[in-house]
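input-v1.cif (mmCIF, C-alpha atoms)
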data_target
loop_
_atom_site.label_atom_id
_atom_site.label_comp_id
_atom_site.auth_asym_id
_atom_site.auth_seq_id
_atom_site.Cartn_x
_atom_site.Cartn_y
_atom_site.Cartn_z
CA MET A 96 130.67 100.04 157.13
CA CYS A 97 128.32 97.09 157.41
CA SER A 98 127.22 97.63 153.84
CA ARG A 99 130.81 97.46 152.56
CA ARG A 100 131.47 94.35 154.63
CA MET A 101 128.34 92.67 153.26
CA VAL A 102 129.37 93.48 149.69
CA SER A 103 132.81 92.00 150.38
CA ILE A 104 131.28 88.79 151.75
CA LEU A 105 128.94 88.45 148.78
CA MET A 106 131.80 88.96 146.31
CA THR A 107 133.84 86.26 148.07
CA VAL A 108 130.92 83.81 147.92
CA PHE A 109 130.43 84.58 144.22
CA VAL A 110 134.11 83.98 143.41
CA LEU A 111 134.14 80.69 145.34
CA ALA A 112 130.98 79.56 143.53
CA CYS A 113 132.55 80.31 140.16
CA ILE A 114 135.67 78.34 141.09
CA SER A 115 133.51 75.42 142.20
CA LEU A 116 131.55 75.41 138.93
CA ALA A 117 134.74 75.57 136.90
CA GLN A 118 136.08 72.49 138.68
CA ALA A 119 132.83 70.48 138.37
CA PRO A 120 133.14 67.50 135.99
CA ASP A 121 131.31 67.57 132.66
CA LEU A 122 128.83 64.72 133.05
CA GLU A 123 127.99 64.65 129.32
CA PRO A 124 131.08 65.81 127.41
CA GLY A 125 129.57 64.69 124.12
CA ARG A 126 126.41 66.73 124.65
CA VAL A 127 127.61 70.02 126.11
CA GLY A 128 129.86 72.23 124.03
CA THR A 129 131.68 69.38 122.31
CA PRO A 130 129.39 67.35 119.99
CA MET A 131 129.96 63.62 120.23
CA PRO A 132 131.60 61.96 117.19
CA VAL A 133 129.12 60.28 114.86
CA VAL A 134 129.85 57.81 112.08
CA SER A 135 127.02 57.22 109.64
CA PHE A 136 126.30 55.18 106.53
CA GLU A 137 123.61 55.76 103.91
CA LEU A 138 122.54 53.65 100.95
CA ASN A 139 120.30 54.70 98.05
CA TRP A 140 119.42 51.93 95.59
CA GLN A 141 116.04 51.84 93.88
CA LEU A 142 116.39 48.17 92.92
CA ALA A 143 116.87 47.04 96.50
CA ASP A 144 114.47 46.53 99.38
CA PRO A 145 114.76 48.75 101.33
CA ASN A 146 115.68 51.21 98.60
CA TRP A 147 117.04 53.61 101.20
CA TYR A 148 118.48 53.23 104.68
CA ALA A 149 120.75 55.15 107.01
CA ILE A 150 122.64 54.14 110.14
CA SER A 151 124.38 56.41 112.64
CA ILE A 152 126.49 55.27 115.57
CA GLU A 153 128.14 57.16 118.44
CA PRO A 154 131.06 56.13 120.72
CA THR A 155 128.50 55.48 123.50
CA GLY A 156 126.94 52.83 121.27
CA ARG A 157 123.80 54.84 120.67
CA THR A 158 122.65 53.72 117.23
CA THR A 159 119.78 54.78 115.00
CA TYR A 160 118.61 52.82 111.97
CA LYS A 161 116.10 54.24 109.49
CA SER A 162 114.87 52.75 106.23
CA GLN A 163 112.29 53.12 103.49
CA PRO A 164 111.14 49.59 102.62
CA LYS A 165 108.92 48.66 99.70
CA THR A 166 105.42 47.31 100.11
CA ALA A 167 104.79 43.59 99.90
CA MET A 168 102.44 43.98 96.90
CA ASN A 169 104.51 46.17 94.57
CA ASP A 170 107.52 48.44 94.30
CA ALA A 171 105.81 51.43 95.93
CA ALA A 172 107.33 52.85 99.08
CA GLY A 173 106.04 51.38 102.33
CA ASP A 174 105.92 52.89 105.79
CA PRO A 175 109.22 54.34 107.06
CA PHE A 176 110.96 52.15 109.63
CA THR A 177 113.08 53.31 112.57
CA ILE A 178 114.79 51.43 115.38
CA GLU A 179 117.15 52.73 118.07
CA PHE A 180 119.45 50.51 120.11
CA THR A 181 122.82 50.36 121.83
CA ALA A 182 125.55 48.75 119.73
CA THR A 183 128.01 46.38 121.33
CA GLU A 184 131.33 47.76 122.51
CA SER A 185 133.24 45.73 119.91
CA THR A 186 131.13 47.15 117.08
CA ARG A 187 131.35 50.80 118.11
CA GLU A 188 135.10 50.56 118.72
CA ARG A 189 135.63 48.89 115.35
CA VAL A 190 133.53 51.49 113.53
CA LEU A 191 135.56 54.36 115.00
CA GLU A 192 138.87 52.59 114.30
CA LEU A 193 137.92 51.95 110.67
CA ALA A 194 136.81 55.55 110.25
CA LYS A 195 140.23 56.63 111.51
CA GLN A 196 141.98 54.22 109.13
CA ALA A 197 139.96 55.71 106.25
CA ASN A 198 141.13 59.22 107.22
CA TYR A 199 137.60 60.01 108.38
CA PHE A 200 136.37 59.64 104.79
CA LYS A 201 138.36 62.55 103.39
CA GLY A 202 139.05 61.84 99.74
CA ASN A 203 137.71 59.85 96.80
CA PHE A 204 137.49 56.13 97.55
CA GLU A 205 135.59 55.13 94.41
CA TYR A 206 137.08 52.28 92.37
CA LYS A 207 136.31 52.95 88.73
CA ALA A 208 136.18 50.11 86.24
CA ASN A 209 133.82 49.25 83.41
CA ASN A 210 133.00 45.80 84.76
CA ILE A 211 131.86 46.95 88.23
CA ALA A 212 128.16 46.36 88.82
CA GLN A 213 126.06 49.19 90.22
CA THR A 214 124.97 48.28 93.75
CA GLY A 215 123.67 51.59 94.99
CA LYS A 216 124.97 54.98 96.02
CA LYS A 217 126.77 54.60 99.36
CA THR A 218 127.83 57.48 101.59
CA LEU A 219 130.00 57.33 104.70
CA ARG A 220 130.09 60.38 106.96
CA TYR A 221 132.07 61.46 110.01
CA LYS A 222 131.28 64.39 112.26
CA ASP A 223 132.67 65.66 115.54
CA ALA A 224 133.32 69.01 117.23
CA ASN A 225 136.23 69.86 114.94
CA LYS A 226 135.59 68.25 111.58
CA GLN A 227 132.96 66.98 109.23
CA SER A 228 133.65 64.93 106.13
CA GLU A 229 132.07 62.36 103.83
CA THR A 230 132.70 60.20 100.81
CA THR A 231 130.29 58.72 98.27
CA PHE A 232 130.94 55.62 96.20
CA ASN A 233 129.44 52.61 94.48
CA TYR A 234 132.37 50.27 95.03
CA SER A 235 135.69 50.71 96.83
CA THR A 236 138.81 48.60 97.23
CA ASN A 237 139.98 50.48 100.32
CA PRO A 238 140.09 47.83 103.10
CA ALA A 239 138.64 50.09 105.82
CA ILE A 240 135.84 51.36 103.56
CA THR A 241 135.03 47.81 102.44
CA GLU A 242 134.88 46.46 105.99
CA LEU A 243 132.71 49.34 107.19
CA THR A 244 130.35 48.92 104.25
CA THR A 245 129.99 45.19 104.92
CA LEU A 246 129.38 45.79 108.63
CA PHE A 247 126.67 48.38 108.00
CA GLN A 248 125.03 46.25 105.31
CA ARG A 249 124.87 43.29 107.68
CA MET A 250 123.45 45.56 110.36
CA SER A 251 120.76 46.64 107.91
CA SER A 252 119.93 43.04 107.02
CA THR A 253 119.53 42.22 110.73
CA MET A 254 117.28 45.22 111.39
CA GLU A 255 115.15 44.50 108.31
CA SER A 256 114.71 40.91 109.49
CA GLY A 257 113.50 42.36 112.76
CA ARG A 258 111.06 44.59 110.87
CA ARG A 259 109.59 41.59 109.05
CA LEU A 260 109.48 39.58 112.27
CA SER A 261 107.57 42.39 113.96
CA PHE A 262 105.08 42.42 111.07
CA SER A 263 104.58 38.66 111.34
CA LEU A 264 104.00 38.90 115.09
CA ARG A 265 101.20 41.38 114.49
CA PHE A 266 99.55 40.06 111.33
CA ASP A 267 100.88 36.60 110.42
CA LYS A 268 101.84 34.43 113.39
CA LEU A 269 102.24 31.43 111.10
CA GLY A 270 105.06 33.29 109.34
CA VAL A 271 107.06 33.89 112.54
CA ASP A 272 108.93 30.58 112.34
CA ASP A 273 110.02 31.27 108.73
CA GLU A 274 111.51 34.60 109.80
CA LEU A 275 113.27 32.94 112.72
CA LYS A 276 114.72 30.34 110.35
CA LYS A 277 116.11 33.14 108.17
CA LEU A 278 117.71 34.76 111.22
CA GLU A 279 119.28 31.45 112.21
CA GLN A 280 120.67 31.06 108.70
CA MET A 281 122.14 34.56 108.87
CA LYS A 282 123.76 33.64 112.18
CA LYS A 283 125.33 30.52 110.65
CA MET A 284 126.70 32.60 107.77
CA GLY A 285 128.13 35.18 110.17
CA SER A 286 125.97 37.99 108.80
CA LEU A 287 123.77 38.49 111.88
CA VAL A 288 125.06 41.50 113.83
CA GLU A 289 123.69 43.49 116.77
CA VAL A 290 120.95 40.91 117.37
CA GLN A 291 120.38 42.43 120.83
CA ALA A 292 118.40 45.13 119.04
CA LEU A 293 115.76 42.47 118.39
CA GLU A 294 115.63 41.32 122.01
CA PRO A 295 112.10 42.67 122.74
CA LEU A 296 110.70 40.73 119.77
CA LEU A 297 112.58 37.54 120.55
CA ARG A 298 111.61 37.64 124.22
CA LYS A 299 107.98 38.10 123.26
CA ILE A 300 108.17 34.87 121.27
CA ILE A 301 110.05 33.01 124.00
CA GLU A 302 107.54 33.95 126.66
CA ASP A 303 104.42 33.37 124.55
CA ARG A 304 103.26 29.77 124.99
CA SER A 305 100.88 30.12 122.05
CA PHE A 306 103.91 29.70 119.76
CA MET A 307 105.22 26.26 118.87
CA ASN A 308 108.08 25.13 121.07
CA VAL A 309 110.38 24.91 118.03
CA SER A 310 109.83 28.62 117.31
CA ARG A 311 110.44 29.57 120.91
CA GLN A 312 113.64 27.52 120.91
CA ARG A 313 114.84 29.27 117.76
CA ALA A 314 114.27 32.64 119.45
CA GLN A 315 116.06 31.31 122.52
CA ARG A 316 119.12 30.27 120.52
CA LEU A 317 119.25 33.60 118.71
CA LEU A 318 119.12 35.51 121.97
CA GLY A 319 121.20 33.05 123.96
CA VAL A 320 118.69 32.48 126.75
CA SER A 321 116.75 29.50 128.00
CA VAL A 322 113.06 28.73 127.75
CA SER A 323 111.50 28.06 131.14
CA PRO A 324 110.48 24.40 131.51
CA SER A 325 107.09 25.55 132.81
CA GLY A 326 106.53 27.40 129.56
CA SER A 327 107.33 24.53 127.18
CA ARG A 328 104.72 23.03 124.93
#
This structure in structure tokens:
Amino acid sequence: MCSRRMVSILMTVFVLACISLAQAPDLEPGRVGTPMPVVSFELNWQLADPNWYAISIEPTGRTTYKSQPKTAMNDAAGDPFTIEFTATESTRERVLELAKQANYFKGNFEYKANNIAQTGKKTLRYKDANKQSETTFNYSTNPAITELTTLFQRMSSTMESGRRLSFSLRFDKLGVDDELKKLEQMKKMGSLVEVQALEPLLRKIIEDRSFMNVSRQRAQRLLGVSVSPSGSR
């Protein structure tokens, strides 16, 4: 009798536990069972530097940039470059909206004409739990495709500037100010995007009193922070 009663109690506890688990919220809906949407862009162009790069961005803002730059001495491939950062809310929302406008890249978006210059093989991809699609093109007149391409190209230019700035910090401190000037020029032209990805580098310059004050002020303006009066030169 006791044995049957114990079994009954255990079964009740088990059922209640199952109900509780079923009602528990999914803390990472994009990671468990339902893969998070990812929009990515890839460029292959042997005449460019870098001659290959790829960018992927998720709705959370998690972004990965990878590239294969050339060496400074010749056209041989240099060391692979990777940087991960969190994209701004406006950027990730715009990327997803443009992907939607482009029907998640289903179809042929290539504009074919004899007078179109070759500027590299570009591929846009979309992937989520229910679909996966991509389109490859050299040049497109589709507004959403064009805007996405421009955004990703500007993102690449910003990250590559950060790569060169990092190199200068390690091996050529005299070249740091030139790289900062280029970043400021990009900002004036409106082509500097996701500069927060370069924050560790810029803060290193701002806080290092061995750099000229003009360089530290450039880094300050790019990052939008102030240089401490006690750290001025």
Spatial neighbours of stretch 129-137 of chain A, max dist 6 Å, all atoms listed in the file, sep filter under 4 positions, as an NGL selection string: :A and (125 or 148-153 or 217-224)
d(atom CA of A:Met250, atom CA of A:Ser310) in Å: 22.8 Å
For A:Thr186: contacts at 10 Å, all atoms listed in the file, fewer than 2 positions along chain excluded, given as an mmCIF file with C-alpha atoms, in the frame of the given file:
data_model
loop_
_atom_site.group_PDB
_atom_site.id
_atom_site.type_symbol
_atom_site.label_atom_id
_atom_site.label_comp_id
_atom_site.auth_asym_id
_atom_site.auth_seq_id
_atom_site.Cartn_x
_atom_site.Cartn_y
_atom_site.Cartn_z
ATOM 1 C CA ILE A 152 126.490 55.270 115.570
ATOM 2 C CA PRO A 154 131.060 56.130 120.720
ATOM 3 C CA GLY A 156 126.940 52.830 121.270
ATOM 4 C CA ALA A 182 125.550 48.750 119.730
ATOM 5 C CA THR A 183 128.010 46.380 121.330
ATOM 6 C CA GLU A 184 131.330 47.760 122.510
ATOM 7 C CA GLU A 188 135.100 50.560 118.720
ATOM 8 C CA ARG A 189 135.630 48.890 115.350
ATOM 9 C CA VAL A 190 133.530 51.490 113.530
ATOM 10 C CA LEU A 191 135.560 54.360 115.000
ATOM 11 C CA GLU A 192 138.870 52.590 114.300
ATOM 12 C CA LEU A 246 129.380 45.790 108.630
ATOM 13 C CA VAL A 288 125.060 41.500 113.830
ATOM 14 C CA GLU A 289 123.690 43.490 116.770
#
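With only C-alpha atoms as the atoms that count, the minimum distance from A:Ala208 to the choices A:Gln227, A:Ser235, A:Ser185, A:Thr159 is reached by A:Ser235.
The interatomic distance for the pair atom CA of A:Arg258 and atom CA of A:Glu242 works out to 24.4 Å.
With only C-alpha atoms as the basis for measurement, A:Ala314 is the residue among A:Leu297, A:Phe232, A:Ala314, A:Asn308 that approaches A:Lys276 most closely.
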Closest of A:Thr177, A:Pro295, A:Glu255, A:Ser228 to A:Lys195 - atom-to-atom distances counting only C-alpha atoms: A:Ser228
Atom CA of A:Phe247 to atom CA of A:Gly270, straight-line distance in Å: 26.4 Å
Selection dump of the PyMOL selection byres ((chain A and resi 147) around 8), as a ChimeraX atom specification: /A:137-141,144-146,148-149,162-164
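The protein and nucleic acid residues lying at most 9 Å from A:Phe204 are Phe200, Lys201, Thr230, Thr231, Phe232, Tyr234, Ser235, Thr236, Asn237 and Ile240 of chain A, with only C-alpha atoms considered and sequence neighbours fewer than 3 positions away removed.
Each of A:Leu293, A:Met307, A:Leu243, A:Ile301 was compared to A:Leu269 using all atoms listed in the file, and A:Met307 turns out to be the nearest.
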Distance criterion (all atoms listed in the file): nearest to A:Ile178 out of A:Gln280, A:Asn225, A:Gln291, A:Thr245: A:Gln291
